[in-house]
Amino acid sequence: MVGGGTVGAWCAYFLRRAGLGNVAVIEKGVLGQGSSSRAAGVVRVQGGTPEAVRLGRWSRSFYLRQHAELGTDSGFVQQGYLLPCFTEPEVAAARARILMQQALGLPVRWLTADEVDAINPTMAPGCTLGASYCAEDGYITPPRNVAAYTAALVRAGVLIAERTRFSGLSAAGGSCDAHTARGTVSAGLVVLAAGPQLAAVGALAGITIPAGGVRHHVAVTEEHPAFGSTPMAFDVPSGLYWRPEEGGLLFGMSDPDEPPGENQCVDFDYLALMRSQLAALVPLTAGLGVRRAWAATIDYTPDHLPIIGAAPGLDRVFVAAAGGAGMMWGPMSPTAPSPTARVLLTLEAIQNAPGITASRLGERLGVTERAARRYVAILREAGLPIESVSGHYGGYQVGHGLRLPPLTFTAAEAAGLVMAVLEGHPPAADPADLVGAALAKIVRVLPARVATLVRSIRDGTELPERAHADTRVSPELTGALIESCAAGRRLRLAYHLGWRGGGTDAAMEVDPWAVVLRHSRWYLLCWSHTRSARRVLRVDRIAAAQPLLDTFSPPAGLDALGTLEEHLSQGWAYPVDVLIDASMRDVAGWLPRSLGTLTPTDDGRTRLSGSTADPGWYAGRLAILPFGFRVAGSAELCRAMADLGHRLIASAAAESAAAESAAAESGAEPSFEFDNNQ
Ligand SMILES: Cc1cc2nc3c(=O)[nH]c(=O)nc-3n(C[C@H](O)[C@H](O)[C@H](O)COP(=O)(O)OP(=O)(O)OC[C@H]3O[C@@H](n4cnc5c(N)ncnc54)[C@H](O)[C@@H]3O)c2cc1C
């Protein structure tokens, strides 16, 4: 995504949410530094074309559901919007527009001149011939919108590359290379969303985009109690609009005669003209001071409508421009899902939130409540057991017996699966846990008989004690690490050095090669750029992992587990050097690689070199070798071997003494049985 304004950022968020694994926003400055943080925030669903109406409605419904989806919002306030008419041709145009909007289901209506005066008493009485009015229109707070999309991007795992200027494109073998001042990003899809600089960015990519930027002024008057509840208003022919803002009136306008180009300086003569135009329509503003005023470059397109779609002549490159109405149309969904996709999304939403109501389902799918009910009906027609939940609001849940071919389980398979999950991750007994939620999903779709069986296994499992909590890894973080390994994306890690509560956090940049599970513990095998060395990190000690722009290729033919084990044998306090009287092939089957590296010697024997923190433990591992061996050069290990030998001899002596006396008592011969599993 080129451009970190409202268009690019929300588009990146929706692409990620639609399932794209890696999404990066390339921004030459910082997020929102363009027009998106300086806008007036007006959100108008009563657009002039059917497409504009649909986009406006989509944005409004998104602003309304934002908090539920993201835990934050863009500050949408439903204020109502008047588009007054001053001439008969304007009235005719407004009436035709209203018919089109009503046909699309918009609650827009025509207000007579008297009704306009009544609904907005601050306007000069009788100055209009009437107005079109929509109560659903409103405004957002643009800086809050920037904060909301920043939080959404971080939460969705979108890579944010600020202070990174896009400088061109080149197509290379199945992907598209976006060049930046900080390196090249190989992408499957590139979206250009550079607002007022879109034409320049298009030129860098080799295409002509009919878009531009021009200065636009906005100012806010002093407070006045009359403004609080008045609807917003837009004088379409002059381009002057106004709305309540913190007790005063915010008003804005572009000079139609101003040549295009970047400009952020306030033209005070033009501001005076705007003020006099406003005072003619809202007389009490004439006596009010201006609290603040600013100018910024607004984006435009020739017909003031958005440009969204594939760039002509360029494979995998898309353009998204809001045509100067990015607050109204900015958070456009990059692709409207097909009906089939919506049916599948319906099923997913019901599975994830059993009891979800039709209206919440509609919000989730970006459709009306009625349409959401239709998608539920399609699922039922297809034979899927979607049950209605009774209750105050009613809702839907997936009934038993939902089979998603080809995934079906016998009772034994289902039980085995649940047991394996619980053994590996005991917190999965709790449906509030992430893995537990996934498990609950599987249990819900099993036939009732099998579900009862596995539920009894799950519910009979004790939740793990807190003692295990310190080595538990976060599935989200582990998933993100695995994704970065697969994508070859460098990471910045916050890593905890030290033990149980003590120690410090260190930052390091690594190329993640592989995530490996060894003896119930998760490790990240990586190359540390901070240390210029190969590293093995415990995943439970990684506090955060932030993907960076740089990419890498892991060593060819990497044997992740082998390399990890070999790595784990190095760097301990006591060096180990052992000569074993057998070939390397024979020895390899007896010793784990974490004990050290095996090398053949010239005389057909094998040398084991490694290190250990615990010579006693190491001696025990060596004792299982069925070959002769000699410990060289490690006094501690020699001592530990000698101790072990004495203990074995002593226990054998004690055992045979006891056996002899028992045999003497019973008169029987001693006999021993060996259990190979011990
Ligand atoms: C004063 C003013 C008032 C407005 N009022 C309203 C309103 O009331 N309602 C409404 O709907 N709309 C309004 N708008 C329009 C709205 O703000 C824009 O349509 C919208 O912000 C455009 O969003 P964007 O993401 O396309 O562009 P921007 O927010 O400008 O973002 C584009 C980003 O691309 C970056 N970029 C450019 N070149 C490069 C490059 N080479 N490499 C990397 N990054 C690059 C820029 O730094 C910028 O951050 C107003 C605009 C202004 C200026």
# chains A, B, ... in the order shown; residues from 1 in each chain; ligands from 1

$ residues_near_ligand --ligand "ligand 1" --cutoff "6 Å" --atoms "only C-alpha atoms and all ligand atoms" --output "ChimeraX atom specification"
/A:2-8,26-29,31-36,38-43,165-167,193-197,201,216-218,295-299,321-328

$ residues_around --residues "region 277-290 of chain A" --least-positions-apart "4" --cutoff "10 Å" --atoms "only C-alpha atoms" --output "number ranges by chain"
A: 120-125, 127-128, 219-224, 226, 235, 238, 240-242, 248-252, 271-273

$ residues_around --residues "Pro447 (chain A)" --least-positions-apart "3" --cutoff "7 Å" --atoms "only C-alpha atoms" --output "list of chain:residue names"
A:His400, A:Gly401, A:Val450, A:Ala451

$ residues_around --residues "Leu608 (chain A)" --least-positions-apart "6" --cutoff "12 Å" --atoms "only C-alpha atoms" --output "compact mmCIF listing (two decimals) with all heavy atoms, in the first residue's frame"
# COMPACT_ATOMS: atom_id res chain seq x y z
N GLU A 566 22.16 -29.03 17.79
CA GLU A 566 23.59 -28.80 17.77
C GLU A 566 23.91 -27.50 18.52
O GLU A 566 24.82 -27.44 19.33
CB GLU A 566 24.03 -28.69 16.32
CG GLU A 566 25.51 -28.78 16.12
CD GLU A 566 25.81 -28.64 14.64
OE1 GLU A 566 25.27 -29.43 13.84
OE2 GLU A 566 26.55 -27.69 14.30
N SER A 569 23.98 -27.67 22.22
CA SER A 569 25.11 -28.37 22.85
C SER A 569 26.30 -27.44 23.05
O SER A 569 27.29 -27.81 23.65
CB SER A 569 25.53 -29.56 21.98
OG SER A 569 26.15 -29.07 20.80
N GLN A 570 26.24 -26.24 22.51
CA GLN A 570 27.40 -25.33 22.56
C GLN A 570 27.23 -24.29 23.68
O GLN A 570 26.13 -23.94 24.05
CB GLN A 570 27.55 -24.57 21.23
CG GLN A 570 27.44 -25.42 19.99
CD GLN A 570 28.54 -26.46 19.86
OE1 GLN A 570 29.66 -26.24 20.32
NE2 GLN A 570 28.21 -27.60 19.27
N PRO A 575 33.39 -27.89 28.94
CA PRO A 575 33.60 -28.45 27.60
C PRO A 575 33.66 -29.98 27.66
O PRO A 575 34.06 -30.54 28.70
CB PRO A 575 34.92 -27.85 27.15
CG PRO A 575 35.52 -27.23 28.34
CD PRO A 575 34.51 -27.14 29.44
N VAL A 576 33.28 -30.61 26.57
CA VAL A 576 33.25 -32.07 26.53
C VAL A 576 34.03 -32.53 25.31
O VAL A 576 33.85 -31.98 24.22
CB VAL A 576 31.78 -32.56 26.41
CG1 VAL A 576 31.75 -34.05 26.09
CG2 VAL A 576 31.01 -32.26 27.68
N ASP A 577 34.91 -33.52 25.51
CA ASP A 577 35.63 -34.12 24.38
C ASP A 577 35.71 -35.61 24.67
O ASP A 577 36.39 -36.03 25.61
CB ASP A 577 37.03 -33.48 24.28
CG ASP A 577 37.77 -33.97 23.05
OD1 ASP A 577 37.13 -34.62 22.19
OD2 ASP A 577 38.99 -33.72 22.96
N VAL A 578 34.99 -36.42 23.86
CA VAL A 578 34.92 -37.86 24.14
C VAL A 578 35.28 -38.63 22.88
O VAL A 578 34.80 -38.29 21.79
CB VAL A 578 33.48 -38.25 24.58
CG1 VAL A 578 33.40 -39.74 24.89
CG2 VAL A 578 33.04 -37.44 25.79
N LEU A 579 36.14 -39.64 23.03
CA LEU A 579 36.48 -40.51 21.88
C LEU A 579 35.74 -41.83 22.03
O LEU A 579 35.87 -42.50 23.06
CB LEU A 579 37.98 -40.77 21.89
CG LEU A 579 38.82 -39.88 20.99
CD1 LEU A 579 40.28 -40.25 21.14
CD2 LEU A 579 38.40 -40.06 19.53
N ILE A 580 34.94 -42.20 21.03
CA ILE A 580 34.09 -43.39 21.16
C ILE A 580 34.59 -44.46 20.19
O ILE A 580 34.86 -44.17 19.02
CB ILE A 580 32.62 -43.03 20.84
CG1 ILE A 580 32.18 -41.86 21.74
CG2 ILE A 580 31.69 -44.22 21.04
CD1 ILE A 580 30.91 -41.19 21.29
N ASP A 581 34.64 -45.71 20.68
CA ASP A 581 35.19 -46.80 19.86
C ASP A 581 34.12 -47.37 18.94
O ASP A 581 33.75 -48.56 19.04
CB ASP A 581 35.74 -47.93 20.76
CG ASP A 581 36.79 -47.41 21.72
OD1 ASP A 581 37.46 -46.41 21.36
OD2 ASP A 581 36.91 -47.95 22.83
N ALA A 582 33.57 -46.59 18.07
CA ALA A 582 32.58 -47.08 17.10
C ALA A 582 32.50 -46.06 15.97
O ALA A 582 32.91 -44.90 16.13
CB ALA A 582 31.20 -47.23 17.75
N SER A 583 31.94 -46.50 14.86
CA SER A 583 31.84 -45.58 13.71
C SER A 583 30.77 -44.52 13.99
O SER A 583 29.88 -44.72 14.83
CB SER A 583 31.44 -46.37 12.46
OG SER A 583 30.09 -46.75 12.59
N MET A 584 30.85 -43.43 13.25
CA MET A 584 29.91 -42.35 13.47
C MET A 584 28.47 -42.81 13.21
O MET A 584 27.54 -42.42 13.91
CB MET A 584 30.25 -41.18 12.55
CG MET A 584 29.89 -39.86 13.18
SD MET A 584 30.54 -38.55 12.21
CE MET A 584 29.08 -37.97 11.44
N VAL A 587 27.25 -44.62 16.27
CA VAL A 587 27.09 -43.76 17.45
C VAL A 587 25.86 -42.86 17.31
O VAL A 587 25.12 -42.63 18.27
CB VAL A 587 28.36 -42.90 17.66
CG1 VAL A 587 28.15 -41.90 18.80
CG2 VAL A 587 29.55 -43.80 17.96
N ALA A 588 25.64 -42.37 16.07
CA ALA A 588 24.58 -41.37 15.86
C ALA A 588 23.22 -41.85 16.36
O ALA A 588 22.41 -41.07 16.86
CB ALA A 588 24.49 -40.99 14.39
N LEU A 591 22.97 -41.24 20.48
CA LEU A 591 23.10 -39.96 21.20
C LEU A 591 22.28 -38.86 20.53
O LEU A 591 22.37 -38.69 19.31
CB LEU A 591 24.57 -39.51 21.22
CG LEU A 591 25.54 -40.42 21.96
CD1 LEU A 591 26.95 -39.85 21.85
CD2 LEU A 591 25.15 -40.60 23.42
N PRO A 592 21.49 -38.09 21.29
CA PRO A 592 20.81 -36.94 20.69
C PRO A 592 21.81 -35.88 20.28
O PRO A 592 22.87 -35.75 20.91
CB PRO A 592 19.91 -36.42 21.83
CG PRO A 592 20.51 -36.94 23.07
CD PRO A 592 21.23 -38.21 22.73
N ARG A 593 21.47 -35.11 19.24
CA ARG A 593 22.44 -34.13 18.73
C ARG A 593 22.69 -32.99 19.72
O ARG A 593 23.67 -32.29 19.61
CB ARG A 593 21.95 -33.57 17.39
CG ARG A 593 22.29 -34.54 16.28
CD ARG A 593 21.77 -34.08 14.96
NE ARG A 593 22.44 -32.88 14.47
CZ ARG A 593 22.23 -32.40 13.26
NH1 ARG A 593 21.39 -33.01 12.45
NH2 ARG A 593 22.85 -31.31 12.87
N SER A 594 21.78 -32.86 20.69
CA SER A 594 21.99 -31.78 21.66
C SER A 594 23.18 -32.06 22.57
O SER A 594 23.62 -31.18 23.31
CB SER A 594 20.73 -31.59 22.51
OG SER A 594 20.39 -32.80 23.12
N LEU A 595 23.73 -33.32 22.53
CA LEU A 595 24.91 -33.59 23.36
C LEU A 595 26.17 -33.03 22.74
O LEU A 595 27.16 -32.81 23.41
CB LEU A 595 25.08 -35.10 23.57
CG LEU A 595 24.10 -35.79 24.52
CD1 LEU A 595 24.63 -37.16 24.90
CD2 LEU A 595 23.88 -34.97 25.78
N GLY A 596 26.17 -32.84 21.43
CA GLY A 596 27.36 -32.28 20.80
C GLY A 596 27.50 -32.70 19.36
O GLY A 596 26.62 -33.35 18.80
N THR A 597 28.61 -32.33 18.77
CA THR A 597 28.85 -32.63 17.35
C THR A 597 29.68 -33.89 17.24
O THR A 597 30.67 -34.06 17.98
CB THR A 597 29.62 -31.45 16.72
OG1 THR A 597 28.98 -30.25 17.11
CG2 THR A 597 29.65 -31.54 15.21
N LEU A 598 29.32 -34.76 16.30
CA LEU A 598 30.08 -35.99 16.08
C LEU A 598 30.96 -35.80 14.86
O LEU A 598 30.48 -35.32 13.83
CB LEU A 598 29.12 -37.16 15.85
CG LEU A 598 28.16 -37.52 17.00
CD1 LEU A 598 27.22 -38.65 16.57
CD2 LEU A 598 28.95 -37.94 18.24
N THR A 599 32.23 -36.21 14.99
CA THR A 599 33.11 -36.19 13.79
C THR A 599 33.89 -37.49 13.75
O THR A 599 34.30 -38.02 14.80
CB THR A 599 34.11 -35.01 13.83
OG1 THR A 599 34.61 -34.89 15.15
CG2 THR A 599 33.48 -33.70 13.43
N PRO A 600 34.09 -38.01 12.52
CA PRO A 600 34.85 -39.27 12.43
C PRO A 600 36.35 -39.01 12.64
O PRO A 600 36.85 -37.95 12.25
CB PRO A 600 34.57 -39.74 11.00
CG PRO A 600 34.17 -38.52 10.24
CD PRO A 600 33.62 -37.53 11.22
N THR A 601 37.03 -39.93 13.27
CA THR A 601 38.49 -39.79 13.41
C THR A 601 39.16 -40.64 12.34
O THR A 601 38.50 -41.49 11.71
CB THR A 601 38.97 -40.26 14.80
OG1 THR A 601 38.62 -41.65 14.93
CG2 THR A 601 38.31 -39.47 15.91
N LEU A 622 25.95 -40.50 28.53
CA LEU A 622 27.02 -41.27 27.87
C LEU A 622 26.97 -42.75 28.29
O LEU A 622 27.35 -43.64 27.53
CB LEU A 622 28.39 -40.70 28.25
CG LEU A 622 28.76 -39.34 27.63
CD1 LEU A 622 30.13 -38.90 28.14
CD2 LEU A 622 28.79 -39.45 26.11
N PHE A 629 34.40 -46.03 25.41
CA PHE A 629 34.74 -44.64 25.09
C PHE A 629 35.67 -44.08 26.15
O PHE A 629 35.81 -44.65 27.24
CB PHE A 629 33.48 -43.78 24.94
CG PHE A 629 32.64 -43.68 26.18
CD1 PHE A 629 32.89 -42.69 27.13
CD2 PHE A 629 31.58 -44.57 26.41
CE1 PHE A 629 32.10 -42.59 28.26
CE2 PHE A 629 30.79 -44.46 27.52
CZ PHE A 629 31.05 -43.48 28.46
N ARG A 630 36.31 -42.95 25.81
CA ARG A 630 37.27 -42.35 26.73
C ARG A 630 37.03 -40.84 26.77
O ARG A 630 36.89 -40.21 25.72
CB ARG A 630 38.69 -42.62 26.22
CG ARG A 630 39.77 -42.33 27.24
CD ARG A 630 41.09 -42.95 26.79
NE ARG A 630 41.43 -42.58 25.42
CZ ARG A 630 41.96 -41.39 25.06
NH1 ARG A 630 42.21 -40.48 25.98
NH2 ARG A 630 42.24 -41.13 23.80
N VAL A 631 36.92 -40.34 28.00
CA VAL A 631 36.69 -38.90 28.15
C VAL A 631 38.04 -38.21 28.17
O VAL A 631 38.91 -38.58 28.95
CB VAL A 631 35.94 -38.59 29.46
CG1 VAL A 631 35.79 -37.08 29.65
CG2 VAL A 631 34.57 -39.26 29.46
N ALA A 632 38.21 -37.24 27.29
CA ALA A 632 39.49 -36.53 27.24
C ALA A 632 39.29 -35.06 27.58
O ALA A 632 38.30 -34.46 27.17
CB ALA A 632 40.07 -36.65 25.82
N GLY A 633 40.16 -34.54 28.33
CA GLY A 633 40.23 -33.09 28.51
C GLY A 633 39.14 -32.44 29.32
O GLY A 633 39.01 -31.23 29.29

$ closest_atom_pairs --of "region 369-444 of chain A" --to "region 350-353 of chain A" --cutoff "8 Å" --atoms "only C-alpha atoms" --output "CSV"
residue,atom,partner,partner_atom,distance
A:Tyr396,CA,A:Ile350,CA,6.4
A:Gln397,CA,A:Ile350,CA,5.6
A:Val398,CA,A:Gln351,CA,6.3
A:Lys441,CA,A:Gln351,CA,6.8

$ write_last_selection --atoms "N, CA and C atoms" --output "mmCIF file, in the first residue's frame"
data_model
loop_
_atom_site.group_PDB
_atom_site.id
_atom_site.type_symbol
_atom_site.label_atom_id
_atom_site.label_comp_id
_atom_site.auth_asym_id
_atom_site.auth_seq_id
_atom_site.Cartn_x
_atom_site.Cartn_y
_atom_site.Cartn_z
ATOM 1 N N TYR A 396 -28.617 -16.502 16.063
ATOM 2 C CA TYR A 396 -28.378 -17.751 15.353
ATOM 3 C C TYR A 396 -27.208 -18.488 15.968
ATOM 4 N N GLN A 397 -27.268 -19.815 15.883
ATOM 5 C CA GLN A 397 -26.112 -20.634 16.242
ATOM 6 C C GLN A 397 -26.086 -21.864 15.351
ATOM 7 N N VAL A 398 -24.902 -22.472 15.273
ATOM 8 C CA VAL A 398 -24.782 -23.670 14.451
ATOM 9 C C VAL A 398 -25.260 -24.854 15.267
ATOM 10 N N LYS A 441 -15.099 -24.925 18.759
ATOM 11 C CA LYS A 441 -15.711 -24.830 17.432
ATOM 12 C C LYS A 441 -15.864 -26.228 16.824
#

$ closest_atom_pairs --of "region 209-316 of chain A" --to "region 50-60 of chain A" --cutoff "12 Å" --atoms "only C-alpha atoms" --output "CSV"
residue,atom,partner,partner_atom,distance
A:Asp303,CA,A:Ala52,CA,11.8
A:His304,CA,A:Ala52,CA,10.2
A:Leu305,CA,A:Ala52,CA,7.4
A:Pro306,CA,A:Ala52,CA,8.3
A:Ile307,CA,A:Glu51,CA,11.2
A:Ile308,CA,A:Leu55,CA,11.3

$ write_last_selection --atoms "all heavy atoms" --output "tab-separated table (two decimals), in the first residue's frame"
chain	number	residue	atom	x	y	z
A	303	ASP	N	-14.22	14.48	-12.06
A	303	ASP	CA	-15.68	14.54	-11.80
A	303	ASP	C	-15.99	14.51	-10.29
A	303	ASP	O	-17.13	14.31	-9.90
A	303	ASP	CB	-16.39	13.38	-12.51
A	303	ASP	CG	-15.81	12.03	-12.11
A	303	ASP	OD1	-14.89	11.99	-11.25
A	303	ASP	OD2	-16.26	11.00	-12.65
A	304	HIS	N	-14.96	14.69	-9.47
A	304	HIS	CA	-15.11	14.68	-8.01
A	304	HIS	C	-15.71	13.38	-7.49
A	304	HIS	O	-16.35	13.34	-6.45
A	304	HIS	CB	-15.93	15.89	-7.53
A	304	HIS	CG	-15.26	17.18	-7.91
A	304	HIS	ND1	-14.14	17.65	-7.28
A	304	HIS	CD2	-15.54	18.06	-8.91
A	304	HIS	CE1	-13.74	18.77	-7.85
A	304	HIS	NE2	-14.57	19.05	-8.85
A	305	LEU	N	-15.50	12.32	-8.27
A	305	LEU	CA	-15.91	10.98	-7.82
A	305	LEU	C	-14.65	10.14	-7.62
A	305	LEU	O	-13.60	10.46	-8.18
A	305	LEU	CB	-16.83	10.34	-8.86
A	305	LEU	CG	-18.24	10.93	-8.92
A	305	LEU	CD1	-19.01	10.38	-10.11
A	305	LEU	CD2	-19.01	10.64	-7.63
A	306	PRO	N	-14.76	9.08	-6.83
A	306	PRO	CA	-13.54	8.29	-6.56
A	306	PRO	C	-13.03	7.55	-7.80
A	306	PRO	O	-13.80	7.29	-8.73
A	306	PRO	CB	-14.00	7.28	-5.52
A	306	PRO	CG	-15.41	7.57	-5.20
A	306	PRO	CD	-15.93	8.58	-6.15
A	307	ILE	N	-11.76	7.22	-7.77
A	307	ILE	CA	-11.18	6.32	-8.78
A	307	ILE	C	-10.73	5.09	-8.00
A	307	ILE	O	-9.88	5.19	-7.11
A	307	ILE	CB	-9.94	6.94	-9.46
A	307	ILE	CG1	-10.32	8.24	-10.16
A	307	ILE	CG2	-9.32	5.97	-10.44
A	307	ILE	CD1	-9.12	8.97	-10.78
A	308	ILE	N	-11.33	3.96	-8.30
A	308	ILE	CA	-10.97	2.73	-7.58
A	308	ILE	C	-10.86	1.63	-8.62
A	308	ILE	O	-11.82	1.40	-9.36
A	308	ILE	CB	-12.06	2.28	-6.58
A	308	ILE	CG1	-12.56	3.45	-5.73
A	308	ILE	CG2	-11.55	1.16	-5.69
A	308	ILE	CD1	-13.83	3.13	-4.95

$ residues_around --residues "region 507-513 of chain A" --least-positions-apart "6" --cutoff "8 Å" --atoms "only C-alpha atoms" --output "ChimeraX atom specification"
/A:481,484-485,488-495,524-530,552,554,560

$ write_last_selection --atoms "N, CA and C atoms" --output "PDB file, in the first residue's frame"
ATOM      1  N   LEU A 481       5.393 -15.404  14.355  1.00  0.00           N
ATOM      2  CA  LEU A 481       6.782 -15.794  14.086  1.00  0.00           C
ATOM      3  C   LEU A 481       6.841 -16.768  12.906  1.00  0.00           C
ATOM      4  N   SER A 484       6.375 -14.973   9.703  1.00  0.00           N
ATOM      5  CA  SER A 484       7.563 -14.223   9.279  1.00  0.00           C
ATOM      6  C   SER A 484       8.634 -15.171   8.742  1.00  0.00           C
ATOM      7  N   CYS A 485       8.741 -16.369   9.333  1.00  0.00           N
ATOM      8  CA  CYS A 485       9.702 -17.362   8.814  1.00  0.00           C
ATOM      9  C   CYS A 485       9.328 -17.692   7.368  1.00  0.00           C
ATOM     10  N   GLY A 488       9.999 -14.852   5.041  1.00  0.00           N
ATOM     11  CA  GLY A 488      11.373 -14.356   5.004  1.00  0.00           C
ATOM     12  C   GLY A 488      11.450 -12.891   5.374  1.00  0.00           C
ATOM     13  N   ARG A 489      10.748 -12.506   6.426  1.00  0.00           N
ATOM     14  CA  ARG A 489      10.662 -11.096   6.824  1.00  0.00           C
ATOM     15  C   ARG A 489      11.439 -10.868   8.124  1.00  0.00           C
ATOM     16  N   ARG A 490      12.347  -9.898   8.120  1.00  0.00           N
ATOM     17  CA  ARG A 490      13.132  -9.615   9.318  1.00  0.00           C
ATOM     18  C   ARG A 490      12.227  -9.114  10.448  1.00  0.00           C
ATOM     19  N   LEU A 491      12.626  -9.404  11.710  1.00  0.00           N
ATOM     20  CA  LEU A 491      11.807  -9.015  12.861  1.00  0.00           C
ATOM     21  C   LEU A 491      12.616  -8.205  13.862  1.00  0.00           C
ATOM     22  N   ARG A 492      11.952  -7.291  14.533  1.00  0.00           N
ATOM     23  CA  ARG A 492      12.552  -6.667  15.714  1.00  0.00           C
ATOM     24  C   ARG A 492      11.887  -7.309  16.927  1.00  0.00           C
ATOM     25  N   LEU A 493      12.698  -7.928  17.792  1.00  0.00           N
ATOM     26  CA  LEU A 493      12.139  -8.658  18.935  1.00  0.00           C
ATOM     27  C   LEU A 493      12.407  -7.930  20.238  1.00  0.00           C
ATOM     28  N   ALA A 494      11.464  -8.014  21.147  1.00  0.00           N
ATOM     29  CA  ALA A 494      11.731  -7.643  22.538  1.00  0.00           C
ATOM     30  C   ALA A 494      11.887  -8.978  23.253  1.00  0.00           C
ATOM     31  N   TYR A 495      13.103  -9.242  23.783  1.00  0.00           N
ATOM     32  CA  TYR A 495      13.415 -10.560  24.326  1.00  0.00           C
ATOM     33  C   TYR A 495      13.815 -10.437  25.782  1.00  0.00           C
ATOM     34  N   LEU A 524      12.862 -20.370  18.706  1.00  0.00           N
ATOM     35  CA  LEU A 524      13.015 -19.680  17.419  1.00  0.00           C
ATOM     36  C   LEU A 524      14.486 -19.778  17.033  1.00  0.00           C
ATOM     37  N   LEU A 525      14.730 -20.420  15.895  1.00  0.00           N
ATOM     38  CA  LEU A 525      16.088 -20.498  15.361  1.00  0.00           C
ATOM     39  C   LEU A 525      16.240 -19.317  14.414  1.00  0.00           C
ATOM     40  N   CYS A 526      17.267 -18.508  14.619  1.00  0.00           N
ATOM     41  CA  CYS A 526      17.347 -17.282  13.811  1.00  0.00           C
ATOM     42  C   CYS A 526      18.780 -16.809  13.663  1.00  0.00           C
ATOM     43  N   TRP A 527      18.948 -15.834  12.789  1.00  0.00           N
ATOM     44  CA  TRP A 527      20.230 -15.138  12.665  1.00  0.00           C
ATOM     45  C   TRP A 527      20.048 -13.773  13.311  1.00  0.00           C
ATOM     46  N   SER A 528      20.887 -13.472  14.311  1.00  0.00           N
ATOM     47  CA  SER A 528      20.750 -12.188  14.993  1.00  0.00           C
ATOM     48  C   SER A 528      21.654 -11.152  14.328  1.00  0.00           C
ATOM     49  N   HIS A 529      21.032 -10.091  13.813  1.00  0.00           N
ATOM     50  CA  HIS A 529      21.838  -9.008  13.236  1.00  0.00           C
ATOM     51  C   HIS A 529      22.465  -8.180  14.350  1.00  0.00           C
ATOM     52  N   THR A 530      21.841  -8.204  15.512  1.00  0.00           N
ATOM     53  CA  THR A 530      22.376  -7.450  16.640  1.00  0.00           C
ATOM     54  C   THR A 530      23.702  -8.065  17.093  1.00  0.00           C
ATOM     55  N   PHE A 552      14.785 -11.754   3.705  1.00  0.00           N
ATOM     56  CA  PHE A 552      16.000 -12.567   3.674  1.00  0.00           C
ATOM     57  C   PHE A 552      15.640 -13.961   3.170  1.00  0.00           C
ATOM     58  N   PRO A 554      16.510 -17.995   4.171  1.00  0.00           N
ATOM     59  CA  PRO A 554      17.185 -18.827   5.182  1.00  0.00           C
ATOM     60  C   PRO A 554      18.262 -19.671   4.506  1.00  0.00           C
ATOM     61  N   ALA A 560      16.255 -27.680  10.591  1.00  0.00           N
ATOM     62  CA  ALA A 560      15.998 -26.793  11.724  1.00  0.00           C
ATOM     63  C   ALA A 560      16.215 -27.499  13.057  1.00  0.00           C
TER      64      ALA A 560
END

$ select_by_dssp --residues "region 530-575 of chain A" --states "strand (DSSP E or B)" --output "ChimeraX atom specification"
/A:533-538,542-551,574-575

$ select_by_dssp --residues "region 449-670 of chain A" --states "helix (DSSP H, G or I)" --output "VMD selection string"
chain A and resid 449 to 459 466 to 471 475 to 487 539 to 541 560 to 568 584 to 588 593 to 595 615 to 622 635 to 666

$ residues_around --residues "Ala161 (chain A)" --least-positions-apart "3" --cutoff "8 Å" --atoms "only C-alpha atoms" --output "JSON, numbers by chain"
{"A": [24, 25, 26, 27, 164, 548, 549]}

$ write_last_selection --atoms "N, CA, C and O atoms" --output "compact mmCIF listing (two decimals), in the first residue's frame"
# COMPACT_ATOMS: atom_id res chain seq x y z
N ALA A 24 1.84 -4.35 3.81
CA ALA A 24 2.73 -3.28 4.28
C ALA A 24 2.22 -1.94 3.78
O ALA A 24 1.77 -1.84 2.64
N VAL A 25 2.25 -0.93 4.65
CA VAL A 25 1.90 0.43 4.24
C VAL A 25 3.21 1.22 4.13
O VAL A 25 3.97 1.32 5.09
N ILE A 26 3.46 1.75 2.93
CA ILE A 26 4.67 2.55 2.69
C ILE A 26 4.26 4.01 2.73
O ILE A 26 3.46 4.45 1.90
N GLU A 27 4.76 4.75 3.69
CA GLU A 27 4.35 6.16 3.86
C GLU A 27 5.61 7.04 3.89
O GLU A 27 6.51 6.78 4.67
N THR A 164 9.27 6.34 4.60
CA THR A 164 9.74 5.47 3.53
C THR A 164 9.07 5.94 2.23
O THR A 164 7.87 5.78 2.07
N LEU A 548 9.75 -6.14 10.12
CA LEU A 548 10.44 -5.00 9.48
C LEU A 548 10.32 -5.14 7.97
O LEU A 548 9.81 -6.14 7.46
N LEU A 549 10.81 -4.15 7.29
CA LEU A 549 10.65 -4.13 5.83
C LEU A 549 11.59 -5.11 5.14
O LEU A 549 11.26 -5.69 4.11
